[in-house]
Amino acid sequence: MAEEPERTEDGRYIVVKGRRWRATDPNIPEERNAELRSILMAWRREVKRTSGAPESRAGVQATKVALGERGTPWWEQSDEERRARWESEVPRPDGTDDEN
């Protein structure tokens, strides 16, 4: 398994090659987190396959918002807002399985 990236002291960001990136919301249940990561990887493959088609990029964006990595920072949301965000419907690219 890959080594966990360095985190900022407050846990809100990971640091990769000296650059800060917003961390995934730590409150997302593990099963949903794994499902969202699977969807994200499918969308990233679709971006590559379609040479960056807007629909594919929108899929990546929607998934990253659900993970809390984009959009309103998860630490500024109430527990209810956070739960609604990660429970929201995030479509998979056409032609991909509904399971991992």
# chains A, B, ... in the order shown; residues from 1 in each chain; ligands from 1
$ closest_atom_pairs --of "stretch 32-68 of chain A" --to "stretch 78-87 of chain A" --cutoff "12 Å" --atoms "only C-alpha atoms" --output "tab-separated table"
residue	atom	partner	partner_atom	distance
A:Arg32	CA	A:Trp86	CA	7.7
A:Asn33	CA	A:Trp86	CA	8.4
A:Ala34	CA	A:Trp86	CA	11.6
A:Glu35	CA	A:Trp86	CA	10.5
A:Leu36	CA	A:Trp86	CA	8.4
A:Arg37	CA	A:Trp86	CA	11.6
A:Ala62	CA	A:Arg85	CA	10.1
A:Thr63	CA	A:Trp86	CA	9.0
A:Lys64	CA	A:Trp86	CA	9.8
A:Val65	CA	A:Arg85	CA	7.5
A:Ala66	CA	A:Trp86	CA	4.6
A:Leu67	CA	A:Trp86	CA	6.2
A:Gly68	CA	A:Trp86	CA	7.7
$ write_last_selection --atoms "C-alpha atoms" --output "mmCIF file, in the first residue's frame"
data_model
loop_
_atom_site.group_PDB
_atom_site.id
_atom_site.type_symbol
_atom_site.label_atom_id
_atom_site.label_comp_id
_atom_site.auth_asym_id
_atom_site.auth_seq_id
_atom_site.Cartn_x
_atom_site.Cartn_y
_atom_site.Cartn_z
ATOM 1 C CA ARG A 32 -18.418 5.756 0.638
ATOM 2 C CA ASN A 33 -14.871 7.103 0.420
ATOM 3 C CA ALA A 34 -13.784 3.968 -1.469
ATOM 4 C CA GLU A 35 -16.808 4.239 -3.783
ATOM 5 C CA LEU A 36 -16.087 7.905 -4.552
ATOM 6 C CA ARG A 37 -12.398 7.145 -5.206
ATOM 7 C CA ALA A 62 -18.293 16.565 -9.228
ATOM 8 C CA THR A 63 -16.475 13.665 -7.612
ATOM 9 C CA LYS A 64 -13.807 15.866 -6.052
ATOM 10 C CA VAL A 65 -16.540 18.131 -4.646
ATOM 11 C CA ALA A 66 -18.238 15.068 -3.105
ATOM 12 C CA LEU A 67 -14.895 14.092 -1.529
ATOM 13 C CA GLY A 68 -14.513 17.602 -0.105
#
$ residues_around --residues "stretch 13-25 of chain A" --least-positions-apart "4" --cutoff "8 Å" --atoms "only C-alpha atoms" --output "PyMOL selection string"
chain A and resi 5-8+67-70+74
$ select_by_dssp --residues "chain A" --states "alpha helix (DSSP H)" --output "PyMOL selection string"
chain A and resi 30-49+54-67+79-87
$ write_last_selection --atoms "N, CA and C atoms" --output "compact mmCIF listing (two decimals), in the first residue's frame"
# COMPACT_ATOMS: atom_id res chain seq x y z
N GLU A 30 -15.74 5.08 5.38
CA GLU A 30 -14.76 4.38 4.54
C GLU A 30 -15.38 3.77 3.29
N GLU A 31 -16.54 3.15 3.42
CA GLU A 31 -17.18 2.52 2.25
C GLU A 31 -17.52 3.56 1.18
N ARG A 32 -18.07 4.70 1.60
CA ARG A 32 -18.42 5.76 0.64
C ARG A 32 -17.15 6.38 0.07
N ASN A 33 -16.13 6.55 0.88
CA ASN A 33 -14.87 7.10 0.42
C ASN A 33 -14.30 6.21 -0.69
N ALA A 34 -14.30 4.91 -0.47
CA ALA A 34 -13.78 3.97 -1.47
C ALA A 34 -14.61 4.04 -2.75
N GLU A 35 -15.93 4.15 -2.61
CA GLU A 35 -16.81 4.24 -3.78
C GLU A 35 -16.51 5.52 -4.57
N LEU A 36 -16.38 6.64 -3.88
CA LEU A 36 -16.09 7.90 -4.55
C LEU A 36 -14.72 7.86 -5.23
N ARG A 37 -13.74 7.26 -4.60
CA ARG A 37 -12.40 7.14 -5.21
C ARG A 37 -12.46 6.29 -6.47
N SER A 38 -13.26 5.23 -6.45
CA SER A 38 -13.44 4.39 -7.63
C SER A 38 -14.07 5.20 -8.77
N ILE A 39 -15.07 6.00 -8.44
CA ILE A 39 -15.71 6.85 -9.44
C ILE A 39 -14.72 7.88 -9.98
N LEU A 40 -13.92 8.47 -9.09
CA LEU A 40 -12.92 9.45 -9.51
C LEU A 40 -11.93 8.83 -10.49
N MET A 41 -11.45 7.65 -10.19
CA MET A 41 -10.49 6.99 -11.09
C MET A 41 -11.13 6.70 -12.45
N ALA A 42 -12.42 6.31 -12.44
CA ALA A 42 -13.12 6.07 -13.71
C ALA A 42 -13.21 7.35 -14.52
N TRP A 43 -13.51 8.46 -13.85
CA TRP A 43 -13.59 9.74 -14.57
C TRP A 43 -12.22 10.17 -15.07
N ARG A 44 -11.18 9.93 -14.30
CA ARG A 44 -9.83 10.29 -14.77
C ARG A 44 -9.44 9.48 -16.00
N ARG A 45 -9.80 8.21 -16.01
CA ARG A 45 -9.55 7.40 -17.21
C ARG A 45 -10.34 7.95 -18.40
N GLU A 46 -11.56 8.40 -18.12
CA GLU A 46 -12.41 8.96 -19.17
C GLU A 46 -11.83 10.27 -19.71
N VAL A 47 -11.26 11.09 -18.83
CA VAL A 47 -10.59 12.33 -19.28
C VAL A 47 -9.48 11.98 -20.27
N LYS A 48 -8.69 10.98 -19.92
CA LYS A 48 -7.60 10.56 -20.81
C LYS A 48 -8.15 10.02 -22.13
N ARG A 49 -9.16 9.16 -22.04
CA ARG A 49 -9.74 8.54 -23.23
C ARG A 49 -10.34 9.56 -24.18
N PRO A 54 -15.07 18.18 -21.98
CA PRO A 54 -15.69 18.90 -20.86
C PRO A 54 -16.55 18.03 -19.96
N GLU A 55 -17.28 17.06 -20.55
CA GLU A 55 -18.14 16.19 -19.75
C GLU A 55 -17.30 15.34 -18.79
N SER A 56 -16.16 14.89 -19.26
CA SER A 56 -15.27 14.08 -18.42
C SER A 56 -14.68 14.92 -17.29
N ARG A 57 -14.26 16.11 -17.63
CA ARG A 57 -13.70 17.01 -16.60
C ARG A 57 -14.76 17.37 -15.56
N ALA A 58 -16.00 17.53 -16.02
CA ALA A 58 -17.10 17.82 -15.09
C ALA A 58 -17.32 16.65 -14.13
N GLY A 59 -17.14 15.42 -14.62
CA GLY A 59 -17.26 14.25 -13.76
C GLY A 59 -16.20 14.24 -12.67
N VAL A 60 -14.96 14.58 -13.04
CA VAL A 60 -13.88 14.68 -12.06
C VAL A 60 -14.23 15.74 -11.02
N GLN A 61 -14.67 16.91 -11.50
CA GLN A 61 -15.02 18.00 -10.60
C GLN A 61 -16.11 17.58 -9.61
N ALA A 62 -17.18 16.98 -10.09
CA ALA A 62 -18.29 16.57 -9.23
C ALA A 62 -17.83 15.57 -8.16
N THR A 63 -16.96 14.67 -8.56
CA THR A 63 -16.47 13.66 -7.61
C THR A 63 -15.57 14.30 -6.57
N LYS A 64 -14.70 15.22 -6.99
CA LYS A 64 -13.81 15.87 -6.05
C LYS A 64 -14.58 16.76 -5.08
N VAL A 65 -15.68 17.36 -5.55
CA VAL A 65 -16.54 18.13 -4.65
C VAL A 65 -17.14 17.19 -3.61
N ALA A 66 -17.64 16.03 -4.04
CA ALA A 66 -18.24 15.07 -3.11
C ALA A 66 -17.22 14.61 -2.06
N LEU A 67 -15.96 14.49 -2.46
CA LEU A 67 -14.89 14.09 -1.53
C LEU A 67 -14.46 15.23 -0.60
N ASP A 79 -22.05 19.59 9.98
CA ASP A 79 -22.08 18.14 9.82
C ASP A 79 -23.14 17.72 8.80
N GLU A 80 -24.30 18.39 8.82
CA GLU A 80 -25.38 18.06 7.88
C GLU A 80 -24.98 18.39 6.44
N GLU A 81 -24.33 19.53 6.24
CA GLU A 81 -23.88 19.91 4.90
C GLU A 81 -22.82 18.93 4.38
N ARG A 82 -21.92 18.53 5.26
CA ARG A 82 -20.88 17.59 4.87
C ARG A 82 -21.50 16.25 4.45
N ARG A 83 -22.42 15.75 5.26
CA ARG A 83 -23.07 14.48 4.96
C ARG A 83 -23.83 14.56 3.63
N ALA A 84 -24.58 15.65 3.42
CA ALA A 84 -25.32 15.81 2.18
C ALA A 84 -24.37 15.84 0.98
N ARG A 85 -23.21 16.46 1.15
CA ARG A 85 -22.23 16.55 0.05
C ARG A 85 -21.73 15.16 -0.35
N TRP A 86 -21.29 14.36 0.62
CA TRP A 86 -20.73 13.06 0.24
C TRP A 86 -21.79 12.02 -0.11
N GLU A 87 -23.03 12.25 0.34
CA GLU A 87 -24.10 11.32 -0.01
C GLU A 87 -24.77 11.66 -1.34
$ atom_distance --atom1 "atom CA of A:Arg12" --atom2 "atom CA of A:Glu76"
11.0 Å
$ closest_residue --among "A:Glu9, A:Ala2, A:Val90, A:Asn27" --to "A:Trp75" --atoms "only C-alpha atoms"
A:Asn27
$ select_by_dssp --residues "chain A" --states "strand (DSSP E)" --output "list in words"
Glu6, Arg7, Tyr13, Ile14, Val15, Val16, Arg19, Arg20, Trp21 and Arg22 of chain A
